[in-house]
Structures are given as C-alpha cells and as structure tokens.
file structure13.cif (mmCIF, C-alpha atoms)
data_my_file
loop_
_atom_site.group_PDB
_atom_site.id
_atom_site.type_symbol
_atom_site.label_atom_id
_atom_site.label_comp_id
_atom_site.auth_asym_id
_atom_site.auth_seq_id
_atom_site.Cartn_x
_atom_site.Cartn_y
_atom_site.Cartn_z
ATOM 1 C CA MET R 1 27.546 40.866 9.483
ATOM 2 C CA ASN R 2 28.731 37.481 8.154
ATOM 3 C CA ASN R 3 26.584 35.033 6.165
ATOM 4 C CA GLU R 4 26.111 32.622 9.066
ATOM 5 C CA LYS R 5 24.714 35.372 11.302
ATOM 6 C CA ILE R 6 22.460 36.575 8.493
ATOM 7 C CA GLN R 7 21.160 33.036 7.927
ATOM 8 C CA LYS R 8 20.414 32.604 11.634
ATOM 9 C CA LEU R 9 18.618 35.939 11.641
ATOM 10 C CA ILE R 10 16.567 34.916 8.595
ATOM 11 C CA VAL R 11 15.544 31.618 10.216
ATOM 12 C CA LYS R 12 14.586 33.418 13.430
ATOM 13 C CA PHE R 13 12.652 36.046 11.436
ATOM 14 C CA PHE R 14 10.684 33.462 9.436
ATOM 15 C CA THR R 15 10.018 31.454 12.567
ATOM 16 C CA LYS R 16 8.373 34.521 14.082
ATOM 17 C CA TYR R 17 6.684 35.777 10.892
ATOM 18 C CA LYS R 18 5.325 32.875 8.848
ATOM 19 C CA ASN R 19 4.355 34.974 5.836
ATOM 20 C CA PRO R 20 6.044 38.379 6.126
ATOM 21 C CA THR R 21 5.325 41.248 3.766
ATOM 22 C CA ASP R 22 8.064 42.877 1.708
ATOM 23 C CA GLY R 23 7.710 45.886 3.974
ATOM 24 C CA ARG R 24 8.508 43.821 7.063
ATOM 25 C CA VAL R 25 11.536 42.240 5.326
ATOM 26 C CA HIS R 26 12.782 45.680 4.237
ATOM 27 C CA LYS R 27 12.243 47.083 7.723
ATOM 28 C CA LEU R 28 14.397 44.315 9.205
ATOM 29 C CA SER R 29 17.117 44.878 6.600
ATOM 30 C CA GLU R 30 17.189 48.585 7.511
ATOM 31 C CA LYS R 31 17.278 47.764 11.224
ATOM 32 C CA ILE R 32 20.349 45.558 10.852
ATOM 33 C CA GLY R 33 21.982 47.841 8.277
ATOM 34 C CA ILE R 34 21.923 45.547 5.246
ATOM 35 C CA ASP R 35 20.841 46.687 1.792
ATOM 36 C CA LYS R 36 17.327 45.310 1.241
ATOM 37 C CA HIS R 37 18.305 43.715 -2.078
ATOM 38 C CA LYS R 38 21.303 41.951 -0.527
ATOM 39 C CA PHE R 39 19.081 40.789 2.330
ATOM 40 C CA GLU R 40 16.468 39.424 -0.092
ATOM 41 C CA THR R 41 19.248 37.650 -2.001
ATOM 42 C CA ALA R 42 20.393 36.025 1.257
ATOM 43 C CA ILE R 43 16.805 34.868 1.855
ATOM 44 C CA TYR R 44 16.552 33.414 -1.666
ATOM 45 C CA ASN R 45 19.929 31.690 -1.278
ATOM 46 C CA LEU R 46 18.848 30.080 1.964
ATOM 47 C CA LEU R 47 15.537 28.931 0.499
ATOM 48 C CA SER R 48 17.071 27.613 -2.716
ATOM 49 C CA SER R 49 19.714 25.778 -0.695
ATOM 50 C CA PHE R 50 16.941 24.080 1.247
ATOM 51 C CA LEU R 51 15.053 23.196 -1.931
ATOM 52 C CA TYR R 52 18.075 22.124 -3.982
ATOM 53 C CA ASN R 53 20.089 20.155 -1.466
ATOM 54 C CA GLY R 54 19.055 17.065 0.441
ATOM 55 C CA ARG R 55 19.156 13.308 -0.074
ATOM 56 C CA TYR R 56 16.586 13.224 -2.873
ATOM 57 C CA ASN R 57 18.264 15.829 -5.077
ATOM 58 C CA GLU R 58 21.685 14.394 -4.244
ATOM 59 C CA SER R 59 20.522 10.977 -5.427
ATOM 60 C CA ILE R 60 19.174 12.405 -8.678
ATOM 61 C CA ARG R 61 22.392 14.382 -9.311
ATOM 62 C CA ASN R 62 24.418 11.188 -8.725
ATOM 63 C CA GLY R 63 22.356 9.388 -11.367
ATOM 64 C CA ASN R 64 20.479 7.213 -8.897
ATOM 65 C CA LYS R 65 16.839 6.581 -9.613
ATOM 66 C CA VAL R 66 14.685 6.998 -6.540
ATOM 67 C CA GLU R 67 11.629 4.750 -6.659
ATOM 68 C CA LEU R 68 8.671 6.519 -5.101
ATOM 69 C CA ARG R 69 5.414 4.798 -4.231
ATOM 70 C CA ASP R 70 2.427 7.150 -4.340
ATOM 71 C CA ILE R 71 0.991 5.785 -1.095
ATOM 72 C CA GLU R 72 4.294 6.357 0.708
ATOM 73 C CA VAL R 73 4.570 9.930 -0.645
ATOM 74 C CA GLN R 74 0.988 10.835 0.292
ATOM 75 C CA THR R 75 1.303 9.250 3.733
ATOM 76 C CA GLY R 76 4.538 11.163 4.252
ATOM 77 C CA ILE R 77 2.980 14.466 3.231
ATOM 78 C CA ASP R 78 0.106 13.894 5.659
ATOM 79 C CA ILE R 79 2.575 13.177 8.464
ATOM 80 C CA GLU R 80 4.927 16.069 7.663
ATOM 81 C CA MET R 81 2.010 18.514 7.565
ATOM 82 C CA GLU R 82 2.136 18.251 11.373
ATOM 83 C CA HIS R 83 5.306 20.364 11.124
ATOM 84 C CA THR R 84 4.424 22.830 8.360
ATOM 85 C CA ASN R 85 1.361 24.268 6.686
ATOM 86 C CA ASP R 86 2.995 24.232 3.263
ATOM 87 C CA LYS R 87 2.496 21.084 1.152
ATOM 88 C CA LYS R 88 5.531 21.854 -1.023
ATOM 89 C CA ILE R 89 7.825 21.958 1.998
ATOM 90 C CA ALA R 90 6.216 18.821 3.412
ATOM 91 C CA LYS R 91 6.748 17.013 0.094
ATOM 92 C CA ARG R 92 10.361 18.196 -0.039
ATOM 93 C CA ILE R 93 10.984 16.667 3.397
ATOM 94 C CA VAL R 94 9.178 13.478 2.347
ATOM 95 C CA LEU R 95 11.356 13.076 -0.751
ATOM 96 C CA ASP R 96 14.524 13.309 1.341
ATOM 97 C CA HIS R 97 13.288 10.648 3.754
ATOM 98 C CA LEU R 98 12.171 8.345 0.950
ATOM 99 C CA ALA R 99 15.466 8.739 -0.926
ATOM 100 C CA GLU R 100 17.170 7.239 2.108
ATOM 101 C CA PHE R 101 14.518 4.651 3.028
ATOM 102 C CA PRO R 102 11.817 3.958 0.395
ATOM 103 C CA ASP R 103 9.458 2.684 3.110
ATOM 104 C CA TYR R 104 10.301 5.381 5.680
ATOM 105 C CA TYR R 105 6.703 6.239 6.576
ATOM 106 C CA THR R 106 5.576 2.616 6.718
ATOM 107 C CA ARG R 107 8.409 2.010 9.194
ATOM 108 C CA LEU R 108 7.534 5.172 11.135
ATOM 109 C CA ILE R 109 3.878 4.191 11.490
ATOM 110 C CA LYS R 110 4.859 0.665 12.573
ATOM 111 C CA MET R 111 7.363 1.999 15.119
ATOM 112 C CA GLU R 112 4.859 4.492 16.551
ATOM 113 C CA SER R 113 2.196 1.792 16.756
ATOM 114 C CA GLU R 114 4.552 -0.555 18.600
ATOM 115 C CA ALA R 115 5.681 2.257 20.908
ATOM 116 C CA GLU R 116 2.079 3.012 21.837
ATOM 117 C CA LYS R 117 1.608 -0.617 22.875
ATOM 118 C CA GLY R 118 4.727 -0.574 25.009
ATOM 119 C CA PRO R 119 6.462 -3.622 26.400
ATOM 120 C CA THR R 120 4.533 -6.159 28.434
ATOM 121 C CA MET R 121 5.418 -6.676 32.099
ATOM 122 C CA GLU R 122 6.809 -10.087 31.162
ATOM 123 C CA GLN R 123 9.176 -8.463 28.647
ATOM 124 C CA ILE R 124 10.323 -5.900 31.209
ATOM 125 C CA VAL R 125 11.015 -8.557 33.868
ATOM 126 C CA ARG R 126 12.765 -10.795 31.329
ATOM 127 C CA ASP R 127 14.980 -7.889 30.254
ATOM 128 C CA ILE R 128 15.855 -7.026 33.875
ATOM 129 C CA PHE R 129 16.940 -10.585 34.698
ATOM 130 C CA LYS R 130 18.481 -11.364 31.316
ATOM 131 C CA GLY R 131 22.038 -11.436 32.676
ATOM 132 C CA ASP R 132 21.302 -13.697 35.670
#

call {"tool": "encode", "arguments": {"input": "structure13.cif", "output": "structure tokens"}}
result
Amino acid sequence: MNNEKIQKLIVKFFTKYKNPTDGRVHKLSEKIGIDKHKFETAIYNLLSSFLYNGRYNESIRNGNKVELRDIEVQTGIDIEMEHTNDKKIAKRIVLDHLAEFPDYYTRLIKMESEAEKGPTMEQIVRDIFKGD
C-alpha cells in the first residue's frame, strides 16, 4: 500500500474515530496488513506535517515576522472551534489564516454580517438594469 493510500485511510479512520485507542489503531494496521509501528509512524508523519507546514510556519521559516493581535487570535479560535473540539488545532488553523491576512477574522465577521443583511431590492434592480 503506497503512502497516499495510507494517508487517506488515516484521515478516514480519524474522521470516524475522533479519539481512537492504541488497540483500535493496531487492529486497523493488522486488518490492512501493515506493521503497527510503521502505521503509527505514518500517523505521526501526517500529524507533524499538518502541524509543521502551513502559511504561519512558512512565514517564520522565511524570516518574516507575523504580527498577531490577541483579539484576532482569540476571535479566530472561537470561530474555528465550530470545526474542531481541539483548541490546539483551532489555533493552528487561526495562525495560518492570520499569517496571510492579519485581520482575517475581522473581515470574516464583517462579510458574514453583510451577507446576513443581503442586498436591498433597489440594489438588485439597479444591478439587473446596469447595462441598459
């Protein structure tokens, strides 16, 4: 089984089992015919790749200083917790977003607020007849 297939299997496994025991991991490795230690290494490689790579770490490695505002980080963690129950993973996602756009969550909140309002009927009609 090649690395790509193993990685897909790991993602599928952890999607189904949020906090699997070692026994469950070993059982899966036996089922697919991979040494349990090699399988655990593949899991660690995938996790460390997720934690090490990304815009934030890339910026730091390239010598760029990423300015982080506490309010933006905390707001981001609160928002990302909608997608995970792990604060460390949420923060990791937040750091990547903020490395790209330092006000990412301020922009997101503004965009969502404007989207909830929706366009007025006047704006819709004006847009329809813009070319006439």

call {"tool": "resolve_selection", "arguments": {"input": "structure13.cif", "expression": "the PyMOL selection byres ((chain R and resi 6-18) around 9)", "output": "PyMOL selection string"}}
result
chain R and resi 1-5+19-20+25+28+39+42-43+46

call {"tool": "closest_residue", "arguments": {"input": "structure13.cif", "among": "R:Leu47, R:Ile79, R:Ile124, R:Leu95", "to": "Leu108 of chain R", "atoms": "all atoms listed in the file"}}
result
R:Ile79

call {"tool": "closest_residue", "arguments": {"input": "structure13.cif", "among": "R:Lys36, R:Lys88, R:Ser29, R:Ala99", "to": "Ile60 of chain R", "atoms": "only C-alpha atoms"}}
result
R:Ala99

call {"tool": "resolve_selection", "arguments": {"input": "structure13.cif", "expression": "the PyMOL selection byres ((chain R and resi 90) around 12)", "output": "PyMOL selection string"}}
result
chain R and resi 51+73-89+91-97

call {"tool": "axis_aligned_box", "arguments": {"input": "structure13.cif", "around": "segment 11-26 of chain R", "padding_each_side": "4 Å", "output": "lines of an AutoDock Vina configuration file"}}
result
center_x = 9.9
center_y = 38.7
center_z = 7.9
size_x = 19.2
size_y = 22.4
size_z = 20.4

call {"tool": "atom_distance", "arguments": {"input": "structure13.cif", "atom1": "atom CA of Glu100 of chain R", "atom2": "atom CA of Glu112 of chain R"}}
result
19.2 Å
